[in-house]
Amino acid sequence: MHSNSFDIRQLEAFAAVMSTGSVTGAARLLGRSQPAVTRLIQDLEADIGYALLHRSGPRISPTARGLLFHAEVERHLASLAHIRERANAIGLDEPPSLTIAATPSLAAGVLPQAIAAVAPDLIPRHLHVQALAAENVVQAVLARSADFGISSLPLEHPGLEVHWIAEAPCVVALAASDPLANDDMVRLSDLAERRIITLANPYRLRHRIDEALERAGVAPQRMIDVNASLTALTMVRAGLGVAIVEPATVCGVPLEGIVMRVLDHTIPFLFGAISPAAMPLTPTVAAVIDAARAVALAMPGCRLHDAGGVEALADTVYGGSPMTEDVPS
């Protein structure tokens, strides 16, 4: 690398080109001339010592290094924006801007109600919510690019403080017209001939769902894997099958034409609130974490675990002991 520092205008020009897909679009977005944007990117490439874009006439595309560099630029620009927001909040004696990272189901199914329950004077002018994979929630909190996170388990790291851990049983989502919707409880064996829609990540909740199906003697012949519970629910509404999902999305984002029923096997969905270890909580962060816990406890069958006993949950989370149990009829 030929320079130890970057001109912020160069980074903004590169980010704009990546966002719009063209120098012309970037120039329009930034209110600059096309030659000025081209020159900024050329200077940036000269500074870092490698090409960021492939050029073929009017068409451009990122190089492999350009893609990697863009991820860093996005993080840097977001951090600068947050610094500006926080500086303004300090000057106005207002609560600082807040960034929350959460898995998609919890961002949709828990956070809106939690934030709405917090006193208005604690809510900052700028609030950022990032829906990320659980592993990325952990990294965002560790990197301090998020003030705190709400994530599914497992998550273990000495740099994290776990404020609460909740466990709620998975549910089955059915079309309201489904014959099984007439039952208060649905047996996994009733789903043997159905197309089952469920989550894809084999190292998290999917592992527990697969184990429960095996224990019930159900070997689905037709399945749809998704990476977000809300997607599974829209698939159910379209008549594509039944969904076994965590309850947060079903409770927090109810969809017309979809009903939720308990299962005859308990499939635990575990999740919790995390923040950087040894980092004092602002009043806003503390209030949202407490409100999120209250929202979680309102889910059917939800209960809290000792937040200090993360290791004690390892068997439940990782599969060291039976992960399902029959629900008494």
# chains A, B, ... in the order shown; residues from 1 in each chain; ligands from 1
$ closest_atom_pairs --of "stretch 194-274 of chain A" --to "stretch 164-188 of chain A" --cutoff "6 Å" --atoms "only C-alpha atoms" --output "Markdown table"
| residue | atom | partner | partner_atom | distance |
| --- | --- | --- | --- | --- |
| A:Arg237 | CA | A:Ala175 | CA | 5.9 |
| A:Val242 | CA | A:Leu174 | CA | 5.4 |
| A:Ala243 | CA | A:Ala173 | CA | 5.1 |
| A:Ile244 | CA | A:Val172 | CA | 4.6 |
| A:Val245 | CA | A:Cys170 | CA | 5.5 |
| A:Glu246 | CA | A:Cys170 | CA | 4.5 |
| A:Pro247 | CA | A:Cys170 | CA | 5.7 |
| A:Gly257 | CA | A:Ala176 | CA | 5.2 |
| A:Ile258 | CA | A:Ala175 | CA | 4.8 |
| A:Val259 | CA | A:Leu174 | CA | 5.4 |
| A:Met260 | CA | A:Ala173 | CA | 4.7 |
| A:Arg261 | CA | A:Val172 | CA | 5.4 |
| A:Val262 | CA | A:Val171 | CA | 5.1 |
| A:Leu263 | CA | A:Val186 | CA | 5.0 |
| A:Asp264 | CA | A:Arg187 | CA | 5.0 |
| A:Thr266 | CA | A:Pro169 | CA | 5.6 |
| A:Ile267 | CA | A:Pro169 | CA | 5.3 |
| A:Pro268 | CA | A:Pro169 | CA | 4.7 |
| A:Phe269 | CA | A:Ala168 | CA | 5.2 |
| A:Leu270 | CA | A:Glu167 | CA | 4.5 |
| A:Phe271 | CA | A:Ala166 | CA | 5.5 |
| A:Gly272 | CA | A:Ile165 | CA | 4.3 |
| A:Ala273 | CA | A:Trp164 | CA | 5.8 |
$ write_last_selection --atoms "N, CA and C atoms" --output "CSV table (one decimal), in the first residue's frame"
chain,number,residue,atom,x,y,z
A,237,ARG,N,-48.1,-19.4,3.7
A,237,ARG,CA,-49.3,-18.7,3.2
A,237,ARG,C,-49.6,-18.9,1.7
A,242,VAL,N,-46.0,-26.8,5.5
A,242,VAL,CA,-46.1,-26.4,6.9
A,242,VAL,C,-44.7,-26.0,7.3
A,243,ALA,N,-44.6,-25.1,8.3
A,243,ALA,CA,-43.3,-24.6,8.7
A,243,ALA,C,-43.1,-25.0,10.2
A,244,ILE,N,-41.9,-25.5,10.5
A,244,ILE,CA,-41.5,-25.7,11.9
A,244,ILE,C,-40.4,-24.5,12.1
A,245,VAL,N,-40.8,-23.6,12.9
A,245,VAL,CA,-40.0,-22.4,13.1
A,245,VAL,C,-39.9,-22.0,14.6
A,246,GLU,N,-39.0,-21.1,14.9
A,246,GLU,CA,-39.0,-20.5,16.2
A,246,GLU,C,-40.2,-19.6,16.4
A,247,PRO,N,-40.7,-19.3,17.6
A,247,PRO,CA,-41.9,-18.6,17.8
A,247,PRO,C,-41.8,-17.1,17.7
A,257,GLY,N,-54.0,-15.3,7.7
A,257,GLY,CA,-54.1,-16.6,7.0
A,257,GLY,C,-53.2,-17.7,7.6
A,258,ILE,N,-52.4,-17.3,8.6
A,258,ILE,CA,-51.4,-18.2,9.2
A,258,ILE,C,-51.8,-18.4,10.7
A,259,VAL,N,-51.8,-19.7,11.1
A,259,VAL,CA,-52.0,-19.9,12.5
A,259,VAL,C,-50.8,-20.7,13.1
A,260,MET,N,-50.7,-20.6,14.4
A,260,MET,CA,-49.5,-21.2,15.1
A,260,MET,C,-50.1,-22.2,16.0
A,261,ARG,N,-49.5,-23.4,16.1
A,261,ARG,CA,-49.9,-24.5,17.0
A,261,ARG,C,-48.6,-25.0,17.7
A,262,VAL,N,-48.8,-25.5,18.9
A,262,VAL,CA,-47.7,-26.1,19.6
A,262,VAL,C,-47.5,-27.5,19.1
A,263,LEU,N,-46.3,-28.0,19.3
A,263,LEU,CA,-46.0,-29.4,18.8
A,263,LEU,C,-45.9,-30.4,20.0
A,264,ASP,N,-46.1,-31.6,19.7
A,264,ASP,CA,-46.0,-32.7,20.8
A,264,ASP,C,-44.6,-33.0,21.2
A,266,THR,N,-41.0,-31.0,22.3
A,266,THR,CA,-40.4,-29.7,22.6
A,266,THR,C,-39.0,-29.6,21.8
A,267,ILE,N,-39.0,-28.6,21.0
A,267,ILE,CA,-37.7,-28.3,20.2
A,267,ILE,C,-37.3,-26.9,20.7
A,268,PRO,N,-36.3,-26.8,21.5
A,268,PRO,CA,-35.9,-25.6,22.2
A,268,PRO,C,-35.2,-24.6,21.2
A,269,PHE,N,-35.7,-23.4,21.2
A,269,PHE,CA,-35.1,-22.2,20.6
A,269,PHE,C,-34.5,-21.4,21.7
A,270,LEU,N,-33.2,-21.2,21.7
A,270,LEU,CA,-32.5,-20.5,22.7
A,270,LEU,C,-31.9,-19.2,22.1
A,271,PHE,N,-32.1,-18.1,22.9
A,271,PHE,CA,-31.6,-16.8,22.4
A,271,PHE,C,-31.3,-15.9,23.6
A,272,GLY,N,-30.5,-14.9,23.3
A,272,GLY,CA,-30.2,-14.0,24.5
A,272,GLY,C,-29.7,-12.7,24.0
A,273,ALA,N,-29.5,-11.8,25.0
A,273,ALA,CA,-29.0,-10.4,24.7
A,273,ALA,C,-27.5,-10.4,25.1
$ select_by_dssp --residues "stretch 76-201 of chain A" --states "strand (DSSP E or B)" --output "JSON list (two decimals) with all heavy atoms, in the first residue's frame"
[["chain", "number", "residue", "atom", "x", "y", "z"],
["A", 98, "LEU", "N", -27.76, 4.76, 18.50],
["A", 98, "LEU", "CA", -27.72, 3.38, 18.99],
["A", 98, "LEU", "C", -27.73, 2.42, 17.82],
["A", 98, "LEU", "O", -28.52, 2.59, 16.88],
["A", 98, "LEU", "CB", -28.95, 3.12, 19.88],
["A", 98, "LEU", "CG", -29.12, 1.71, 20.47],
["A", 98, "LEU", "CD1", -28.00, 1.42, 21.45],
["A", 98, "LEU", "CD2", -30.47, 1.59, 21.15],
["A", 99, "THR", "N", -26.84, 1.44, 17.86],
["A", 99, "THR", "CA", -26.80, 0.39, 16.84],
["A", 99, "THR", "C", -27.06, -0.95, 17.51],
["A", 99, "THR", "O", -26.36, -1.33, 18.46],
["A", 99, "THR", "CB", -25.45, 0.35, 16.12],
["A", 99, "THR", "OG1", -25.22, 1.61, 15.47],
["A", 99, "THR", "CG2", -25.44, -0.75, 15.06],
["A", 100, "ILE", "N", -28.07, -1.65, 17.02],
["A", 100, "ILE", "CA", -28.45, -2.96, 17.55],
["A", 100, "ILE", "C", -28.27, -3.99, 16.44],
["A", 100, "ILE", "O", -28.75, -3.79, 15.32],
["A", 100, "ILE", "CB", -29.91, -2.97, 18.02],
["A", 100, "ILE", "CG1", -30.19, -1.82, 19.00],
["A", 100, "ILE", "CG2", -30.26, -4.31, 18.66],
["A", 100, "ILE", "CD1", -31.66, -1.61, 19.29],
["A", 101, "ALA", "N", -27.59, -5.08, 16.74],
["A", 101, "ALA", "CA", -27.46, -6.19, 15.81],
["A", 101, "ALA", "C", -28.31, -7.35, 16.31],
["A", 101, "ALA", "O", -28.29, -7.66, 17.51],
["A", 101, "ALA", "CB", -25.99, -6.62, 15.68],
["A", 102, "ALA", "N", -29.06, -7.95, 15.42],
["A", 102, "ALA", "CA", -29.93, -9.07, 15.82],
["A", 102, "ALA", "C", -30.11, -10.01, 14.64],
["A", 102, "ALA", "O", -30.02, -9.60, 13.48],
["A", 102, "ALA", "CB", -31.29, -8.56, 16.30],
["A", 127, "LEU", "N", -31.31, 5.65, 15.24],
["A", 127, "LEU", "CA", -31.35, 4.27, 15.70],
["A", 127, "LEU", "C", -31.07, 3.36, 14.52],
["A", 127, "LEU", "O", -31.70, 3.48, 13.47],
["A", 127, "LEU", "CB", -32.72, 3.97, 16.29],
["A", 127, "LEU", "CG", -32.97, 2.60, 16.94],
["A", 127, "LEU", "CD1", -32.05, 2.40, 18.13],
["A", 127, "LEU", "CD2", -34.42, 2.48, 17.37],
["A", 128, "HIS", "N", -30.10, 2.48, 14.67],
["A", 128, "HIS", "CA", -29.71, 1.58, 13.58],
["A", 128, "HIS", "C", -29.95, 0.14, 14.02],
["A", 128, "HIS", "O", -29.47, -0.28, 15.07],
["A", 128, "HIS", "CB", -28.23, 1.75, 13.23],
["A", 128, "HIS", "CG", -27.83, 3.17, 12.95],
["A", 128, "HIS", "ND1", -28.03, 3.76, 11.73],
["A", 128, "HIS", "CD2", -27.27, 4.11, 13.75],
["A", 128, "HIS", "CE1", -27.60, 5.02, 11.79],
["A", 128, "HIS", "NE2", -27.14, 5.25, 12.99],
["A", 129, "VAL", "N", -30.69, -0.60, 13.22],
["A", 129, "VAL", "CA", -30.94, -2.02, 13.49],
["A", 129, "VAL", "C", -30.39, -2.83, 12.32],
["A", 129, "VAL", "O", -30.78, -2.60, 11.17],
["A", 129, "VAL", "CB", -32.45, -2.31, 13.68],
["A", 129, "VAL", "CG1", -32.67, -3.80, 13.88],
["A", 129, "VAL", "CG2", -33.00, -1.52, 14.87],
["A", 130, "GLN", "N", -29.49, -3.74, 12.62],
["A", 130, "GLN", "CA", -28.87, -4.58, 11.60],
["A", 130, "GLN", "C", -29.34, -6.02, 11.78],
["A", 130, "GLN", "O", -29.16, -6.60, 12.85],
["A", 130, "GLN", "CB", -27.34, -4.52, 11.71],
["A", 130, "GLN", "CG", -26.76, -3.13, 11.58],
["A", 130, "GLN", "CD", -25.26, -3.10, 11.84],
["A", 130, "GLN", "OE1", -24.70, -4.01, 12.45],
["A", 130, "GLN", "NE2", -24.60, -2.06, 11.37],
["A", 131, "ALA", "N", -29.96, -6.58, 10.75],
["A", 131, "ALA", "CA", -30.37, -7.98, 10.77],
["A", 131, "ALA", "C", -29.23, -8.80, 10.18],
["A", 131, "ALA", "O", -28.92, -8.67, 8.99],
["A", 131, "ALA", "CB", -31.65, -8.18, 9.99],
["A", 148, "PHE", "N", -25.11, -3.45, 21.21],
["A", 148, "PHE", "CA", -25.46, -4.74, 21.80],
["A", 148, "PHE", "C", -26.15, -5.58, 20.75],
["A", 148, "PHE", "O", -26.45, -5.12, 19.65],
["A", 148, "PHE", "CB", -26.34, -4.58, 23.06],
["A", 148, "PHE", "CG", -27.78, -4.22, 22.79],
["A", 148, "PHE", "CD1", -28.77, -5.20, 22.74],
["A", 148, "PHE", "CD2", -28.15, -2.90, 22.61],
["A", 148, "PHE", "CE1", -30.09, -4.87, 22.51],
["A", 148, "PHE", "CE2", -29.47, -2.55, 22.38],
["A", 148, "PHE", "CZ", -30.45, -3.55, 22.32],
["A", 149, "GLY", "N", -26.39, -6.85, 21.07],
["A", 149, "GLY", "CA", -27.01, -7.74, 20.12],
["A", 149, "GLY", "C", -28.03, -8.65, 20.78],
["A", 149, "GLY", "O", -28.00, -8.87, 21.99],
["A", 150, "ILE", "N", -28.94, -9.14, 19.97],
["A", 150, "ILE", "CA", -29.87, -10.19, 20.40],
["A", 150, "ILE", "C", -29.74, -11.31, 19.39],
["A", 150, "ILE", "O", -29.99, -11.11, 18.20],
["A", 150, "ILE", "CB", -31.32, -9.67, 20.48],
["A", 150, "ILE", "CG1", -31.41, -8.48, 21.43],
["A", 150, "ILE", "CG2", -32.25, -10.79, 20.95],
["A", 150, "ILE", "CD1", -32.80, -7.93, 21.59],
["A", 151, "SER", "N", -29.33, -12.45, 19.87],
["A", 151, "SER", "CA", -28.96, -13.52, 18.94],
["A", 151, "SER", "C", -29.45, -14.87, 19.43],
["A", 151, "SER", "O", -29.63, -15.09, 20.63],
["A", 151, "SER", "CB", -27.44, -13.57, 18.79],
["A", 151, "SER", "OG", -27.03, -14.65, 17.98],
["A", 152, "SER", "N", -29.65, -15.76, 18.47],
["A", 152, "SER", "CA", -29.90, -17.15, 18.82],
["A", 152, "SER", "C", -28.62, -17.76, 19.37],
["A", 152, "SER", "O", -27.52, -17.28, 19.11],
["A", 152, "SER", "CB", -30.38, -17.93, 17.59],
["A", 152, "SER", "OG", -29.42, -17.85, 16.55],
["A", 160, "LEU", "N", -17.74, -11.31, 25.53],
["A", 160, "LEU", "CA", -19.17, -10.98, 25.56],
["A", 160, "LEU", "C", -19.73, -11.08, 26.97],
["A", 160, "LEU", "O", -19.32, -11.93, 27.75],
["A", 160, "LEU", "CB", -19.96, -11.94, 24.66],
["A", 160, "LEU", "CG", -19.69, -11.90, 23.16],
["A", 160, "LEU", "CD1", -20.49, -13.00, 22.46],
["A", 160, "LEU", "CD2", -20.03, -10.54, 22.57],
["A", 161, "GLU", "N", -20.66, -10.22, 27.27],
["A", 161, "GLU", "CA", -21.46, -10.36, 28.48],
["A", 161, "GLU", "C", -22.87, -10.75, 28.06],
["A", 161, "GLU", "O", -23.48, -10.09, 27.20],
["A", 161, "GLU", "CB", -21.51, -9.05, 29.26],
["A", 161, "GLU", "CG", -22.31, -9.17, 30.55],
["A", 161, "GLU", "CD", -22.22, -7.95, 31.43],
["A", 161, "GLU", "OE1", -21.35, -7.10, 31.16],
["A", 161, "GLU", "OE2", -23.02, -7.85, 32.39],
["A", 162, "VAL", "N", -23.38, -11.84, 28.62],
["A", 162, "VAL", "CA", -24.73, -12.32, 28.30],
["A", 162, "VAL", "C", -25.67, -11.81, 29.40],
["A", 162, "VAL", "O", -25.49, -12.12, 30.57],
["A", 162, "VAL", "CB", -24.78, -13.86, 28.22],
["A", 162, "VAL", "CG1", -26.18, -14.32, 27.87],
["A", 162, "VAL", "CG2", -23.78, -14.37, 27.18],
["A", 163, "HIS", "N", -26.66, -11.03, 29.01],
["A", 163, "HIS", "CA", -27.54, -10.39, 29.99],
["A", 163, "HIS", "C", -28.72, -11.27, 30.37],
["A", 163, "HIS", "O", -29.18, -11.25, 31.51],
["A", 163, "HIS", "CB", -28.02, -9.04, 29.46],
["A", 163, "HIS", "CG", -26.91, -8.08, 29.25],
["A", 163, "HIS", "ND1", -26.41, -7.30, 30.26],
["A", 163, "HIS", "CD2", -26.15, -7.81, 28.16],
["A", 163, "HIS", "CE1", -25.40, -6.57, 29.80],
["A", 163, "HIS", "NE2", -25.22, -6.87, 28.53],
["A", 164, "TRP", "N", -29.25, -11.99, 29.42],
["A", 164, "TRP", "CA", -30.31, -12.96, 29.71],
["A", 164, "TRP", "C", -30.33, -14.00, 28.61],
["A", 164, "TRP", "O", -29.90, -13.75, 27.49],
["A", 164, "TRP", "CB", -31.68, -12.30, 29.88],
["A", 164, "TRP", "CG", -32.14, -11.37, 28.79],
["A", 164, "TRP", "CD1", -32.08, -10.00, 28.80],
["A", 164, "TRP", "CD2", -32.73, -11.72, 27.52],
["A", 164, "TRP", "NE1", -32.58, -9.49, 27.63],
["A", 164, "TRP", "CE2", -33.00, -10.52, 26.83],
["A", 164, "TRP", "CE3", -33.06, -12.93, 26.91],
["A", 164, "TRP", "CZ2", -33.57, -10.48, 25.56],
["A", 164, "TRP", "CZ3", -33.63, -12.91, 25.63],
["A", 164, "TRP", "CH2", -33.88, -11.69, 24.98],
["A", 165, "ILE", "N", -30.80, -15.18, 28.97],
["A", 165, "ILE", "CA", -30.96, -16.28, 28.02],
["A", 165, "ILE", "C", -32.38, -16.78, 28.13],
["A", 165, "ILE", "O", -32.86, -17.08, 29.22],
["A", 165, "ILE", "CB", -29.98, -17.43, 28.32],
["A", 165, "ILE", "CG1", -28.53, -16.97, 28.15],
["A", 165, "ILE", "CG2", -30.26, -18.64, 27.42],
["A", 165, "ILE", "CD1", -27.52, -17.99, 28.64],
["A", 166, "ALA", "N", -33.06, -16.84, 27.02],
["A", 166, "ALA", "CA", -34.45, -17.31, 27.00],
["A", 166, "ALA", "C", -34.54, -18.59, 26.18],
["A", 166, "ALA", "O", -33.76, -18.80, 25.25],
["A", 166, "ALA", "CB", -35.37, -16.25, 26.42],
["A", 167, "GLU", "N", -35.48, -19.43, 26.55],
["A", 167, "GLU", "CA", -35.77, -20.65, 25.79],
["A", 167, "GLU", "C", -37.26, -20.69, 25.50],
["A", 167, "GLU", "O", -38.09, -20.59, 26.40],
["A", 167, "GLU", "CB", -35.37, -21.89, 26.58],
["A", 167, "GLU", "CG", -35.71, -23.19, 25.87],
["A", 167, "GLU", "CD", -35.40, -24.42, 26.71],
["A", 167, "GLU", "OE1", -34.50, -24.36, 27.55],
["A", 167, "GLU", "OE2", -36.09, -25.45, 26.52],
["A", 168, "ALA", "N", -37.59, -20.83, 24.23],
["A", 168, "ALA", "CA", -38.99, -20.93, 23.82],
["A", 168, "ALA", "C", -39.12, -22.11, 22.87],
["A", 168, "ALA", "O", -38.24, -22.35, 22.04],
["A", 168, "ALA", "CB", -39.45, -19.65, 23.12],
["A", 169, "PRO", "N", -40.20, -22.91, 22.99],
["A", 169, "PRO", "CA", -40.35, -24.06, 22.11],
["A", 169, "PRO", "C", -40.73, -23.66, 20.70],
["A", 169, "PRO", "O", -41.51, -22.71, 20.50],
["A", 169, "PRO", "CB", -41.48, -24.86, 22.78],
["A", 169, "PRO", "CG", -42.26, -23.84, 23.54],
["A", 169, "PRO", "CD", -41.29, -22.80, 23.98],
["A", 171, "VAL", "N", -42.61, -23.91, 17.11],
["A", 171, "VAL", "CA", -44.03, -24.11, 16.82],
["A", 171, "VAL", "C", -44.17, -24.55, 15.37],
["A", 171, "VAL", "O", -43.22, -24.50, 14.59],
["A", 171, "VAL", "CB", -44.83, -22.82, 17.06],
["A", 171, "VAL", "CG1", -44.77, -22.42, 18.53],
["A", 171, "VAL", "CG2", -44.31, -21.68, 16.18],
["A", 172, "VAL", "N", -45.37, -24.96, 15.00],
["A", 172, "VAL", "CA", -45.66, -25.25, 13.61],
["A", 172, "VAL", "C", -46.61, -24.17, 13.11],
["A", 172, "VAL", "O", -47.59, -23.81, 13.78],
["A", 172, "VAL", "CB", -46.26, -26.67, 13.42],
["A", 172, "VAL", "CG1", -47.56, -26.84, 14.19],
["A", 172, "VAL", "CG2", -46.47, -26.97, 11.93],
["A", 173, "ALA", "N", -46.29, -23.62, 11.96],
["A", 173, "ALA", "CA", -47.13, -22.61, 11.33],
["A", 173, "ALA", "C", -47.91, -23.28, 10.21],
["A", 173, "ALA", "O", -47.34, -23.98, 9.36],
["A", 173, "ALA", "CB", -46.29, -21.46, 10.78],
["A", 174, "LEU", "N", -49.22, -23.07, 10.21],
["A", 174, "LEU", "CA", -50.11, -23.72, 9.25],
["A", 174, "LEU", "C", -50.99, -22.68, 8.58],
["A", 174, "LEU", "O", -51.29, -21.63, 9.15],
["A", 174, "LEU", "CB", -51.03, -24.72, 9.98],
["A", 174, "LEU", "CG", -50.40, -25.77, 10.88],
["A", 174, "LEU", "CD1", -51.43, -26.30, 11.86],
["A", 174, "LEU", "CD2", -49.83, -26.90, 10.03],
["A", 175, "ALA", "N", -51.42, -23.01, 7.38],
["A", 175, "ALA", "CA", -52.47, -22.19, 6.76],
["A", 175, "ALA", "C", -53.74, -22.35, 7.59],
["A", 175, "ALA", "O", -54.03, -23.43, 8.10],
["A", 175, "ALA", "CB", -52.70, -22.64, 5.33],
["A", 185, "MET", "N", -52.90, -29.01, 19.48],
["A", 185, "MET", "CA", -51.53, -29.51, 19.44],
["A", 185, "MET", "C", -51.36, -30.36, 18.18],
["A", 185, "MET", "O", -52.24, -31.15, 17.84],
["A", 185, "MET", "CB", -51.21, -30.33, 20.68],
["A", 185, "MET", "CG", -49.81, -30.95, 20.67],
["A", 185, "MET", "SD", -49.52, -31.98, 22.14],
["A", 185, "MET", "CE", -49.49, -30.71, 23.41],
["A", 186, "VAL", "N", -50.24, -30.19, 17.51],
["A", 186, "VAL", "CA", -49.96, -30.96, 16.30],
["A", 186, "VAL", "C", -48.84, -31.95, 16.60],
["A", 186, "VAL", "O", -47.82, -31.59, 17.19],
["A", 186, "VAL", "CB", -49.54, -30.02, 15.14],
["A", 186, "VAL", "CG1", -49.05, -30.82, 13.94],
["A", 186, "VAL", "CG2", -50.70, -29.11, 14.74],
["A", 196, "ILE", "N", -42.28, -29.99, 4.45],
["A", 196, "ILE", "CA", -41.90, -29.23, 5.65],
["A", 196, "ILE", "C", -40.95, -28.11, 5.25],
["A", 196, "ILE", "O", -39.97, -28.32, 4.53],
["A", 196, "ILE", "CB", -41.25, -30.15, 6.70],
["A", 196, "ILE", "CG1", -42.29, -31.16, 7.21],
["A", 196, "ILE", "CG2", -40.68, -29.33, 7.85],
["A", 196, "ILE", "CD1", -41.75, -32.16, 8.21],
["A", 197, "ILE", "N", -41.27, -26.92, 5.71],
["A", 197, "ILE", "CA", -40.45, -25.74, 5.46],
["A", 197, "ILE", "C", -39.75, -25.40, 6.77],
["A", 197, "ILE", "O", -40.40, -25.25, 7.81],
["A", 197, "ILE", "CB", -41.32, -24.55, 5.00],
["A", 197, "ILE", "CG1", -42.17, -24.96, 3.79],
["A", 197, "ILE", "CG2", -40.45, -23.34, 4.67],
["A", 197, "ILE", "CD1", -43.35, -24.04, 3.55],
["A", 198, "THR", "N", -38.43, -25.28, 6.73],
["A", 198, "THR", "CA", -37.72, -24.98, 7.98],
["A", 198, "THR", "C", -36.40, -24.32, 7.66],
["A", 198, "THR", "O", -36.07, -24.06, 6.51],
["A", 198, "THR", "CB", -37.55, -26.25, 8.84],
["A", 198, "THR", "OG1", -37.14, -25.87, 10.14],
["A", 198, "THR", "CG2", -36.53, -27.20, 8.22],
["A", 199, "LEU", "N", -35.64, -24.03, 8.71],
["A", 199, "LEU", "CA", -34.41, -23.26, 8.57],
["A", 199, "LEU", "C", -33.27, -24.13, 8.07],
["A", 199, "LEU", "O", -33.23, -25.33, 8.30],
["A", 199, "LEU", "CB", -34.07, -22.61, 9.91],
["A", 199, "LEU", "CG", -35.19, -21.69, 10.43],
["A", 199, "LEU", "CD1", -34.88, -21.22, 11.83],
["A", 199, "LEU", "CD2", -35.38, -20.51, 9.49]]
$ select_by_dssp --residues "stretch 1-174 of chain A" --states "helix (DSSP H, G or I)" --output "PyMOL selection string"
chain A and resi 8-20+23-30+34-48+64-91+104-109+111-117+120-122+134-142
$ closest_residue --among "A:Ala71, A:Ala219, A:Ala46, A:Leu281" --to "A:Phe6" --atoms "only C-alpha atoms"
A:Ala46
$ residues_around --residues "stretch 39-43 of chain A" --least-positions-apart "4" --cutoff "12 Å" --atoms "only C-alpha atoms" --output "PyMOL selection string"
chain A and resi 2-3+6-18+23+26-27+32-35+47-55+66
$ write_last_selection --atoms "C-alpha atoms" --output "short mmCIF file (atom, residue, chain, number, x, y, z; two decimals), in the first residue's frame"
data_model
loop_
_atom_site.label_atom_id
_atom_site.label_comp_id
_atom_site.auth_asym_id
_atom_site.auth_seq_id
_atom_site.Cartn_x
_atom_site.Cartn_y
_atom_site.Cartn_z
CA HIS A 2 1.48 3.35 -1.05
CA SER A 3 -0.35 5.59 1.41
CA PHE A 6 -7.26 7.82 2.48
CA ASP A 7 -9.16 10.83 1.30
CA ILE A 8 -12.74 10.31 2.48
CA ARG A 9 -13.94 11.55 -0.92
CA GLN A 10 -12.12 8.68 -2.60
CA LEU A 11 -13.82 6.14 -0.37
CA GLU A 12 -17.25 7.74 -0.91
CA ALA A 13 -16.70 7.72 -4.68
CA PHE A 14 -15.76 4.04 -4.68
CA ALA A 15 -18.72 3.12 -2.46
CA ALA A 16 -21.06 5.07 -4.74
CA VAL A 17 -19.77 3.29 -7.85
CA MET A 18 -20.25 -0.08 -6.14
CA VAL A 23 -19.44 5.97 -12.65
CA ALA A 26 -22.11 7.50 -8.75
CA ALA A 27 -21.54 11.02 -10.09
CA ARG A 32 -20.06 15.51 -8.79
CA SER A 33 -18.93 15.38 -12.40
CA GLN A 34 -18.17 12.03 -13.97
CA PRO A 35 -14.50 12.92 -14.60
CA ASP A 47 -2.76 4.95 -3.23
CA ILE A 48 -3.51 1.31 -2.39
CA GLY A 49 -1.46 -0.14 -5.21
CA TYR A 50 -3.99 -2.40 -6.96
CA ALA A 51 -7.03 -2.20 -9.22
CA LEU A 52 -10.47 -2.05 -7.66
CA LEU A 53 -12.50 -2.11 -10.87
CA HIS A 54 -12.39 -3.92 -14.20
CA ARG A 55 -13.05 -1.48 -17.05
CA GLY A 66 -12.26 -4.59 -5.00
#
$ closest_residue --among "A:Gly21, A:Pro220, A:Gly252, A:Pro104" --to "A:Leu132" --atoms "only C-alpha atoms"
A:Pro104
$ atom_distance --atom1 "atom CA of A:Thr38" --atom2 "atom CA of A:Ile83"
27.8 Å
$ closest_residue --among "A:Met279, A:His70, A:Val288, A:Ile274" --to "A:Gln139" --atoms "only C-alpha atoms"
A:Ile274
$ atom_distance --atom1 "atom CA of A:Gly109" --atom2 "atom CA of A:Ala296"
9.1 Å
